[in-house]
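The file coords-v1.txt comes next; it holds compact mmCIF, C-alpha atoms.
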```txt
# COMPACT_ATOMS: atom_id res chain seq x y z
CA THR A 30 -21.53 -74.12 27.05
CA THR A 31 -19.74 -77.32 28.04
CA HIS A 32 -16.64 -77.60 30.16
CA SER A 33 -14.58 -78.45 27.07
CA GLY A 34 -15.29 -75.02 25.55
CA THR A 35 -17.81 -76.18 22.90
CA HIS A 36 -21.10 -74.38 22.28
CA LEU A 37 -24.29 -76.41 21.74
CA ILE A 38 -26.88 -74.94 19.41
CA LYS A 39 -30.41 -76.31 19.78
CA GLY A 40 -32.00 -77.70 16.64
CA SER A 41 -28.72 -78.07 14.79
CA LYS A 42 -27.35 -81.42 13.73
CA LYS A 43 -23.77 -80.03 13.63
CA ALA A 44 -23.93 -78.49 17.12
CA LYS A 45 -21.98 -81.26 18.78
CA GLY A 46 -18.26 -80.59 18.63
CA GLN A 47 -18.61 -77.00 17.27
CA THR A 48 -15.97 -74.68 18.73
CA MET A 49 -16.76 -71.31 20.26
CA PRO A 50 -16.07 -68.35 17.95
CA PRO A 51 -13.39 -65.88 19.09
CA PRO A 52 -14.61 -62.94 21.19
CA SER A 53 -15.45 -59.81 19.30
CA ALA A 54 -13.37 -56.65 19.39
CA LEU A 55 -16.12 -54.98 21.37
CA ALA A 56 -15.81 -57.56 24.12
CA VAL A 57 -12.05 -57.05 24.22
CA ARG A 58 -12.45 -53.28 24.55
CA ARG A 59 -14.93 -53.74 27.40
CA THR A 60 -12.80 -56.22 29.37
CA ALA A 61 -9.47 -54.40 28.91
CA PRO A 62 -10.11 -51.69 31.57
CA LEU A 63 -11.29 -54.34 34.07
CA LEU A 64 -8.12 -56.38 33.56
CA GLY A 65 -6.05 -53.22 33.95
CA ARG A 66 -7.63 -52.42 37.31
CA MET A 67 -7.15 -55.99 38.53
CA VAL A 68 -3.44 -55.89 37.65
CA HIS A 69 -3.08 -52.46 39.28
CA GLN A 70 -4.66 -53.67 42.55
CA SER A 71 -2.36 -56.70 42.68
CA LEU A 72 0.74 -54.49 42.62
CA SER A 73 2.53 -53.29 45.72
CA PRO A 74 2.14 -49.63 46.75
CA SER A 75 5.64 -48.82 45.42
CA MET A 76 4.87 -50.31 42.03
CA ARG A 77 1.52 -48.54 41.79
CA SER A 78 3.22 -45.15 41.73
CA VAL A 79 5.36 -46.33 38.83
CA SER A 80 2.41 -47.71 36.88
CA ALA A 81 0.45 -44.48 37.40
CA ALA A 82 2.99 -42.69 35.24
CA ILE A 83 2.48 -45.15 32.38
CA PRO A 84 -0.43 -44.35 29.97
CA GLN A 85 -3.40 -46.67 30.65
CA SER A 86 -4.12 -47.47 27.00
CA PHE A 87 -1.63 -48.80 24.48
CA GLY A 88 -0.45 -46.21 22.01
CA ALA A 89 -1.50 -43.18 24.08
CA SER A 90 0.82 -40.23 23.95
CA SER A 91 1.37 -37.21 26.12
CA PRO A 92 -0.28 -34.00 24.95
CA GLN A 93 1.83 -32.06 22.49
CA PRO A 94 2.35 -28.32 22.74
CA HIS A 95 0.34 -26.13 20.38
CA GLN A 96 2.03 -25.91 16.97
CA GLN A 97 1.99 -22.77 14.86
CA HIS A 98 0.83 -23.64 11.32
CA GLN A 99 2.21 -21.53 8.49
CA HIS A 100 -0.22 -20.63 5.70
CA ARG A 101 0.75 -19.60 2.19
CA SER A 102 0.11 -15.96 1.49
CA LEU A 103 -2.05 -15.74 -1.62
CA ALA A 104 -2.73 -12.62 -3.61
CA THR A 105 -6.51 -12.98 -3.58
CA GLY A 106 -7.20 -11.49 -0.15
CA SER A 107 -8.13 -13.09 3.15
CA LYS A 108 -11.91 -13.23 2.85
CA GLY A 109 -13.48 -15.13 0.01
CA ALA A 110 -11.95 -16.39 -3.20
CA ARG A 111 -11.61 -12.87 -4.63
CA GLY A 112 -10.96 -10.90 -1.48
CA HIS A 113 -13.04 -8.68 0.75
CA GLY A 114 -14.91 -5.97 -1.14
CA TRP A 115 -14.08 -7.25 -4.61
CA LEU A 116 -17.45 -6.26 -6.11
CA LYS A 117 -17.09 -2.64 -5.00
CA LYS A 118 -13.58 -2.44 -6.43
CA TYR A 119 -14.74 -4.08 -9.64
CA ARG A 120 -17.54 -1.51 -10.10
CA GLU A 121 -15.08 1.32 -9.46
CA GLY A 122 -12.83 0.02 -12.21
CA ARG A 123 -10.09 -1.00 -9.81
CA GLY A 124 -10.13 -4.70 -10.69
CA GLY A 125 -9.78 -6.91 -13.71
CA ARG A 126 -8.81 -10.53 -13.90
CA HIS A 127 -7.28 -10.21 -10.43
CA LEU A 128 -10.04 -8.27 -8.68
CA GLN A 129 -8.08 -7.87 -5.47
CA GLY A 130 -4.72 -9.37 -6.17
CA ARG A 131 -1.24 -8.09 -6.80
CA TRP A 132 -2.25 -5.81 -9.68
CA HIS A 133 -5.67 -4.46 -8.71
CA ASP A 134 -4.25 -0.97 -8.09
CA ARG A 135 -1.53 -0.99 -10.78
CA ASP A 136 -1.10 2.50 -12.25
CA VAL A 137 -0.37 1.84 -15.93
CA GLU A 138 -0.08 5.53 -16.83
CA SER A 139 2.73 6.16 -14.35
CA LEU A 140 4.53 3.00 -15.50
CA ASN A 141 4.25 4.12 -19.14
CA ALA A 142 5.76 7.46 -18.13
CA ILE A 143 8.71 5.61 -16.57
CA ASN A 144 9.12 3.54 -19.73
CA ASP A 145 9.21 6.71 -21.84
CA LYS A 146 11.94 8.17 -19.63
CA VAL A 147 14.00 5.00 -19.99
CA PHE A 148 13.86 5.12 -23.80
CA ALA A 149 14.45 8.89 -23.79
CA LEU A 150 17.90 8.29 -22.30
CA ASN A 151 19.04 7.04 -25.72
CA THR A 152 19.03 10.64 -27.02
CA SER A 153 20.42 12.27 -23.90
CA PRO A 154 23.88 13.94 -24.11
CA ALA A 155 25.11 11.68 -21.30
CA SER A 156 24.51 8.56 -23.37
CA ASN A 157 27.78 6.92 -24.39
CA SER A 158 26.44 3.60 -25.61
CA ASP A 159 27.63 2.38 -28.99
CA VAL A 160 24.80 -0.13 -29.27
CA PRO A 161 22.21 0.69 -31.98
CA THR A 162 18.91 2.00 -30.67
CA LYS A 163 16.66 0.49 -33.35
CA ALA A 164 16.35 -2.90 -35.01
CA TYR A 165 13.90 -4.46 -37.44
CA LEU A 166 12.39 -7.85 -38.24
CA SER A 167 10.71 -8.73 -41.53
CA LEU A 168 8.05 -11.38 -40.94
CA SER A 169 6.50 -13.59 -43.62
CA VAL A 170 3.30 -15.51 -42.84
CA GLY A 171 2.85 -18.69 -44.88
CA GLY A 172 5.29 -17.57 -47.59
CA ALA A 173 3.48 -14.28 -48.21
CA GLU A 174 5.22 -10.96 -48.71
CA ALA A 175 7.29 -9.99 -45.70
CA GLN A 176 6.25 -7.05 -43.51
CA ARG A 177 8.63 -5.05 -41.36
CA VAL A 178 8.44 -4.54 -37.60
CA VAL A 179 10.68 -1.81 -36.14
CA ILE A 180 11.77 -2.11 -32.50
CA GLU A 181 13.18 0.68 -30.34
CA LEU A 182 15.80 -0.55 -27.87
CA ALA A 183 16.76 0.74 -24.41
CA SER A 184 20.44 0.59 -25.32
CA THR A 185 21.61 3.14 -22.74
CA VAL A 186 20.02 1.46 -19.72
CA LEU A 187 20.36 -2.17 -20.84
CA PRO A 188 23.42 -2.20 -23.13
CA ARG A 189 24.36 -5.86 -22.82
CA THR A 190 20.85 -7.19 -23.43
CA CYS A 191 20.37 -4.87 -26.41
CA GLU A 192 23.80 -5.72 -27.78
CA ASN A 193 22.91 -9.40 -27.73
CA PHE A 194 19.69 -8.66 -29.63
CA THR A 195 21.30 -6.42 -32.25
CA LYS A 196 24.17 -8.81 -32.91
CA LEU A 197 21.71 -11.65 -33.42
CA CYS A 198 19.80 -9.41 -35.84
CA MET A 199 22.97 -8.65 -37.82
CA SER A 200 24.20 -12.25 -38.01
CA GLY A 201 23.64 -14.52 -40.99
CA GLY A 202 21.00 -16.98 -39.87
CA ALA A 203 19.92 -19.74 -37.52
CA VAL A 204 22.59 -21.93 -36.01
CA ASP A 205 23.65 -24.84 -38.17
CA ALA A 206 24.88 -27.99 -36.47
CA ALA A 207 27.92 -28.03 -38.74
CA ASP A 208 28.63 -24.30 -38.56
CA ARG A 209 28.49 -22.58 -35.18
CA SER A 210 30.53 -19.54 -36.11
CA ALA A 211 29.47 -16.05 -35.13
CA GLU A 212 28.61 -15.19 -38.74
CA ASN A 213 25.98 -17.94 -38.86
CA TRP A 214 24.35 -17.27 -35.52
CA GLY A 215 21.31 -15.00 -35.70
CA TYR A 216 17.57 -14.48 -36.05
CA LYS A 217 17.42 -14.72 -39.84
CA GLY A 218 15.63 -17.94 -40.75
CA THR A 219 14.01 -18.39 -37.33
CA ASN A 220 10.25 -18.39 -36.80
CA VAL A 221 7.46 -17.62 -34.38
CA HIS A 222 7.32 -20.90 -32.49
CA LYS A 223 4.38 -20.10 -30.20
CA ILE A 224 1.49 -17.65 -29.93
CA GLU A 225 0.14 -17.10 -26.44
CA LYS A 226 -3.28 -15.54 -27.01
CA THR A 227 -3.26 -13.75 -23.64
CA VAL A 228 0.43 -12.77 -23.72
CA GLY A 229 2.03 -12.39 -27.16
CA LEU A 230 4.31 -13.88 -29.83
CA CYS A 231 7.22 -16.10 -28.77
CA MET A 232 10.19 -16.28 -31.13
CA GLY A 233 13.98 -16.22 -31.38
CA ASP A 234 14.98 -19.89 -31.00
CA VAL A 235 18.19 -20.08 -33.04
CA LEU A 236 18.80 -23.75 -32.26
CA GLY A 237 15.83 -26.03 -32.82
CA LEU A 238 13.33 -23.39 -34.06
CA ASP A 239 10.73 -24.91 -31.71
CA GLY A 240 11.22 -22.82 -28.58
CA ASP A 241 12.94 -25.52 -26.55
CA GLY A 242 16.35 -23.88 -26.66
CA GLY A 243 18.31 -20.79 -27.50
CA ARG A 244 21.77 -19.30 -27.23
CA CYS A 245 23.05 -15.78 -26.86
CA HIS A 246 25.58 -14.38 -29.29
CA PRO A 247 28.92 -16.19 -28.82
CA SER A 248 30.85 -12.93 -28.51
CA LEU A 249 29.02 -12.10 -25.26
CA TRP A 250 29.63 -15.36 -23.44
CA SER A 251 32.68 -17.16 -22.13
CA PRO A 252 33.10 -19.77 -19.37
CA GLY A 253 32.66 -17.98 -16.05
CA SER A 254 31.24 -14.78 -17.56
CA ASN A 255 27.71 -15.38 -16.26
CA HIS A 256 26.16 -16.48 -12.99
CA PRO A 257 27.66 -19.78 -11.69
CA ASN A 258 24.26 -21.52 -11.79
CA ALA A 259 23.40 -20.31 -15.30
CA GLY A 260 23.78 -22.47 -18.37
CA ALA A 261 26.16 -22.07 -21.28
CA TYR A 262 25.64 -19.26 -23.80
CA THR A 263 23.41 -17.22 -21.50
CA ILE A 264 23.65 -13.67 -20.17
CA ALA A 265 22.59 -12.32 -16.79
CA ASP A 266 19.55 -10.20 -15.99
CA GLU A 267 20.58 -6.54 -16.31
CA GLY A 268 17.52 -5.11 -14.61
CA HIS A 269 13.74 -4.91 -14.61
CA VAL A 270 13.36 -1.22 -15.37
CA ILE A 271 10.76 -1.48 -18.16
CA SER A 272 7.25 -2.63 -17.26
CA HIS A 273 5.02 -4.78 -19.45
CA THR A 274 2.25 -2.21 -19.61
CA GLY A 275 0.64 -3.03 -22.95
CA PRO A 276 1.05 -4.29 -26.52
CA GLY A 277 4.41 -4.03 -28.24
CA ILE A 278 6.81 -4.57 -25.33
CA VAL A 279 9.81 -6.69 -26.37
CA THR A 280 11.14 -8.83 -23.53
CA MET A 281 13.51 -11.75 -23.10
CA LEU A 282 12.17 -15.27 -22.63
CA SER A 283 14.50 -16.74 -20.04
CA ALA A 284 14.45 -20.26 -18.66
CA GLY A 285 15.38 -18.97 -15.20
CA VAL A 286 17.20 -16.25 -13.31
CA HIS A 287 20.27 -14.99 -15.24
CA GLU A 288 19.57 -17.38 -18.12
CA ASN A 289 18.74 -15.08 -21.03
CA ASP A 290 19.62 -16.51 -24.42
CA SER A 291 18.18 -15.61 -27.84
CA ARG A 292 14.46 -16.20 -27.27
CA PHE A 293 12.24 -13.17 -26.85
CA LEU A 294 8.57 -12.21 -26.68
CA ILE A 295 6.50 -9.38 -28.17
CA THR A 296 3.48 -8.70 -25.99
CA THR A 297 -0.01 -8.10 -27.39
CA THR A 298 -1.70 -6.96 -24.18
CA ASN A 299 -1.01 -5.66 -20.70
CA THR A 300 0.97 -8.43 -18.97
CA PRO A 301 1.83 -7.46 -15.37
CA GLN A 302 2.65 -11.06 -14.51
CA LEU A 303 5.90 -10.69 -16.51
CA ASP A 304 7.20 -7.75 -14.46
CA GLY A 305 10.19 -8.73 -12.37
CA ARG A 306 10.48 -12.07 -14.14
CA PHE A 307 11.57 -11.29 -17.71
CA VAL A 308 13.88 -8.46 -18.76
CA ALA A 309 12.02 -6.07 -21.09
CA PHE A 310 14.44 -4.16 -23.33
CA GLY A 311 12.46 -2.71 -26.25
CA ARG A 312 9.12 -1.72 -27.74
CA VAL A 313 7.56 -1.83 -31.18
CA VAL A 314 7.38 1.64 -32.80
CA GLU A 315 6.39 0.57 -36.32
CA GLY A 316 4.50 -2.46 -37.60
CA MET A 317 2.39 -3.21 -34.54
CA ASP A 318 -0.48 -3.94 -36.94
CA VAL A 319 1.61 -6.84 -38.29
CA ILE A 320 1.93 -8.29 -34.80
CA GLU A 321 -1.78 -7.83 -34.10
CA ASP A 322 -2.71 -9.44 -37.43
CA ILE A 323 -0.60 -12.52 -36.64
CA HIS A 324 -1.94 -12.71 -33.12
CA THR A 325 -5.57 -12.44 -34.25
CA ASN A 326 -5.76 -14.29 -37.57
CA VAL A 327 -3.21 -17.10 -37.38
CA PHE A 328 -4.81 -20.32 -36.23
CA THR A 329 -2.92 -22.17 -33.52
CA LYS A 330 -3.03 -25.67 -32.11
CA ARG A 331 -2.08 -25.68 -28.45
CA GLY A 332 -0.24 -22.44 -29.04
CA ARG A 333 1.71 -23.68 -32.06
CA PRO A 334 1.01 -21.79 -35.32
CA THR A 335 -0.39 -23.94 -38.11
CA VAL A 336 1.52 -21.88 -40.72
CA ASP A 337 5.17 -20.89 -40.86
CA ILE A 338 5.86 -17.37 -39.60
CA GLU A 339 9.47 -16.78 -40.62
CA VAL A 340 11.95 -13.99 -40.05
CA VAL A 341 13.15 -13.56 -43.64
CA GLU A 342 15.25 -10.48 -42.95
CA CYS A 343 16.52 -8.63 -39.89
CA GLY A 344 19.04 -5.98 -38.99
CA VAL A 345 19.65 -2.64 -37.26
CA LEU A 346 18.69 0.90 -38.23
```
For the structure just supplied, provide its representation as structure tokens.
Amino acid sequence: TTHSGTHLIKGSKKAKGQTMPPPSALAVRRTAPLLGRMVHQSLSPSMRSVSAAIPQSFGASSPQPHQQHQHRSLATGSKGARGHGWLKKYREGRGGRHLQGRWHDRDVESLNAINDKVFALNTSPASNSDVPTKAYLSLSVGGAEAQRVVIELASTVLPRTCENFTKLCMSGGAVDAADRSAENWGYKGTNVHKIEKTVGLCMGDVLGLDGDGGRCHPSLWSPGSNHPNAGAYTIADEGHVISHTGPGIVTMLSAGVHENDSRFLITTTNTPQLDGRFVAFGRVVEGMDVIEDIHTNVFTKRGRPTVDIEVVECGVL
């Protein structure tokens, strides 16, 4: 290396005048502590005490206190993906899809007994509800002959929800953009807009007939009658007293809390995931074979039926 800072490489014609490459990062890391000690020794004793309090390396930070991390509580147990002892519970018949989750010990028989007591209140002497206790829907698949489905309603316990359903059954038909009167606001002319193979039949959209919207009966809604955060033409959740314990449970399809409109669902299997979320208000007492036939034999594309399943007639009994 010459005094001018150039580096001569033997055997190279272009060695003369070649500049020295910059030092590597490794060399900088190795020389930084030495430079720090030299600067520290050149300081006066009073300044050394001040510099001792400053971190030696750039970007260093003082140790932080231990932080408590919050973990989400899942319903699958704390050991393993399915929970500790899932195989034993599965062999004992105490597990299904959720082998050790929220519903692994769900007593369906006791819940069915509670459902029966709720519907039995319709015939009790203390019942003073004027809402009909039974309604019917006549469904036609692909233009075939319509078949009737009879639904028993929990009118005594859930009068407002059942009143909304019965009034929509007694009204003329689906909502027309030019005629939004109460006489032309009902389930007649609507269709089954979606079939969830593991849940049931979704229907009751009186607006677009595609499941994207619905409205309760206009006689049950007025500005300020529902929850402040709820949308227009919706009714509040009356209560979750009926459990979704098996096929044939009729429940509201709400977009959120206190946002029940006209859309509803008829279950085809045990659906515990709906408990506490949707307000169940009825059950099928006649024509469950019609629901099962639609659920089993109608071909769907991403849940949408490939044939029209129309409510050609509806009313109360």
*Closest of A:Tyr262, A:Tyr165, A:Phe328, A:Phe148 to Leu249 (chain A) - atom-to-atom distances counting only C-alpha atoms*: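 Of A:Tyr262, A:Tyr165, A:Phe328, A:Phe148, the one nearest Leu249 (chain A), counting only C-alpha atoms, is A:Tyr262.
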*Report the distance between CA of Ala183 (chain A) and CA of Leu197 (chain A) in Å, rounded to one decimal place.*
16.1 Å
*In file coordinates, which residues lie within 7 Å of (10.6, -13.2, -20.9) using only C-alpha atoms, given as a VMD selection string?*
chain A and resid 280 to 283 293 to 294 303 306 to 308
*What is the distance between CA of Ser184 (chain A) and CA of Cys343 (chain A), in Å to one decimal?*
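Atom-to-atom, CA of Ser184 (chain A) and CA of Cys343 (chain A) are spaced 17.7 Å apart.
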*Separation of CA of Phe310 (chain A) from CA of Thr152 (chain A) in Å*: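 Separation of CA of Thr152 (chain A) and CA of Phe310 (chain A): 15.9 Å.
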*Would you list the residues near (24.6, -15.7, -40.4), meaning any protein, DNA or RNA residue with an atom at most 6 Å from that point in file coordinates, counting only C-alpha atoms, as number ranges by chain?*
A: 200-202, 212-215
*Restricting the calculation to all atoms listed in the file, which member of A:Lys117, A:Arg244, A:Arg292, A:Arg312 is positioned closest to Thr263 (chain A)?*
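Among the listed residues, A:Arg244 lies closest to Thr263 (chain A).
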_Near-Met232 (chain A) list (9 Å; only C-alpha atoms; drop same-chain fewer than 4 positions) as JSON, numbers by chain_ = {"A": [219, 220, 221, 222, 223, 224, 238, 239, 240, 282, 291, 292, 293, 294, 295]}
_For a quick check of understanding, using all atoms listed in the file, which of A:Lys226, A:Arg177, A:His256, A:His273 has the smallest distance to Glu315 (chain A)?_
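Going through A:Lys226, A:Arg177, A:His256, A:His273 one by one, the smallest distance to Glu315 (chain A) is for A:Arg177.
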*Polymer residues at most 9 Å from Val327 (chain A), all atoms listed in the file, same-chain spacing of 4 or more positions, as a list in words*: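 Selected residues are Val170, Ile224, Asp322, Ile323, Pro334, Thr335 and Val336 of chain A.
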Quick one: residues within 8 Å of Pro301 (chain A), all atoms listed in the file counted, chain neighbours fewer than 2 positions away excluded, as a PDB file with C-alpha atoms, in the frame of the given file?
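The result, stored in part.pdb:
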```
ATOM      1  CA  TRP A 132      -2.250  -5.810  -9.680  1.00  0.00           C
ATOM      2  CA  SER A 272       7.250  -2.630 -17.260  1.00  0.00           C
ATOM      3  CA  HIS A 273       5.020  -4.780 -19.450  1.00  0.00           C
ATOM      4  CA  THR A 274       2.250  -2.210 -19.610  1.00  0.00           C
ATOM      5  CA  ASN A 299      -1.010  -5.660 -20.700  1.00  0.00           C
ATOM      6  CA  LEU A 303       5.900 -10.690 -16.510  1.00  0.00           C
ATOM      7  CA  ASP A 304       7.200  -7.750 -14.460  1.00  0.00           C
TER       8      ASP A 304
END
```
_Considering only C-alpha atoms, can you say which of A:Val313, A:Ala149, A:Val286, A:Val179 comes closest to Gly260 (chain A)?_
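Answer, going by the shortest atom-to-atom distance: A:Val286.
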*Nearest to Pro161 (chain A): which of A:Thr296, A:Thr227, A:Asn193, A:Asn326 is it, counting only C-alpha atoms?*
A:Asn193
*With a distance cut-off of 10 Å and only C-alpha atoms, select the neighbouring residues of Glu225 (chain A), excluding the residue or stretch itself and same-chain residues fewer than 6 positions from it, and output the selection as JSON, numbers by chain.*
{"A": [231, 294, 296, 297, 324, 329, 331, 332, 333]}
Output file for the residues above (C-alpha atoms, as a short mmCIF file (atom, residue, chain, number, x, y, z; two decimals), in the coordinates of the input):
```
data_model
loop_
_atom_site.label_atom_id
_atom_site.label_comp_id
_atom_site.auth_asym_id
_atom_site.auth_seq_id
_atom_site.Cartn_x
_atom_site.Cartn_y
_atom_site.Cartn_z
CA CYS A 231 7.22 -16.10 -28.77
CA LEU A 294 8.57 -12.21 -26.68
CA THR A 296 3.48 -8.70 -25.99
CA THR A 297 -0.01 -8.10 -27.39
CA HIS A 324 -1.94 -12.71 -33.12
CA THR A 329 -2.92 -22.17 -33.52
CA ARG A 331 -2.08 -25.68 -28.45
CA GLY A 332 -0.24 -22.44 -29.04
CA ARG A 333 1.71 -23.68 -32.06
#
```
